[in-house]
Amino acid sequence: MGISTHILDTALGRPVAGVPVTLSFMANIAWSLLNTVVTDADGRCKDLLPLTKTLQQGFYRVHFETAAYFKRNGLEGLYPYVEIAFSVSDKEQHYHIPLLLTANGYTTYRGS
């Protein structure tokens with residue numbers, strides 16, 4: 001099992017490509033970087049948790065560098081980055097953490 005994500009610009013109704021995304025794990029009360037990737041043409045990071053890593057119970061954080069997207073598209077975004085922290089309780093499940101983004105807001109949920 002693993003962790004994946006995608007970004008959708010809900011104002012434009014299209015995926016957000018080319019955004020740097022990092023995944024970190026809370027270890028010993030400090031964040032430990034696990035991976036850095038860039039969203040693909042479909043706005044996805046299918047293997048955000050590297051295939052060489054095992055999903056563990058605990059706290060993870062996904063960091064999206066949204067300023068890169070806003071700047072590239074001539075938009076003035078309110079949020080230069082978005083961080084989503086979440087808890088993994090069942091390491092036998094897959095965790096998909098999507099980001100629905102606009103220049104002035106965002107939302108997230110647990111996807112499939």
# chains A, B, ... in the order shown; residues from 1 in each chain; ligands from 1
$ select_by_dssp --residues "chain A" --states "alpha helix (DSSP H)" --output "list in words"
Thr66, Ala67, Ala68, Tyr69, Phe70, Lys71 and Arg72 of chain A
$ select_by_dssp --residues "segment 47-97 of chain A" --states "strand (DSSP E or B)" --output "PyMOL selection string"
chain A and resi 58-64+82-88+95-96
$ atom_distance --atom1 "atom CA of Met1 of chain A" --atom2 "atom CA of Glu92 of chain A"
5.9 Å
$ atom_distance --atom1 "atom CA of Lys53 of chain A" --atom2 "atom CA of Ser87 of chain A"
16.8 Å
$ atom_distance --atom1 "atom CA of Phe25 of chain A" --atom2 "atom CA of Gln93 of chain A"
16.8 Å
$ closest_residue --among "A:Leu100, A:Ala11, A:Val37, A:Val82" --to "Pro50 of chain A" --atoms "only C-alpha atoms"
A:Val37
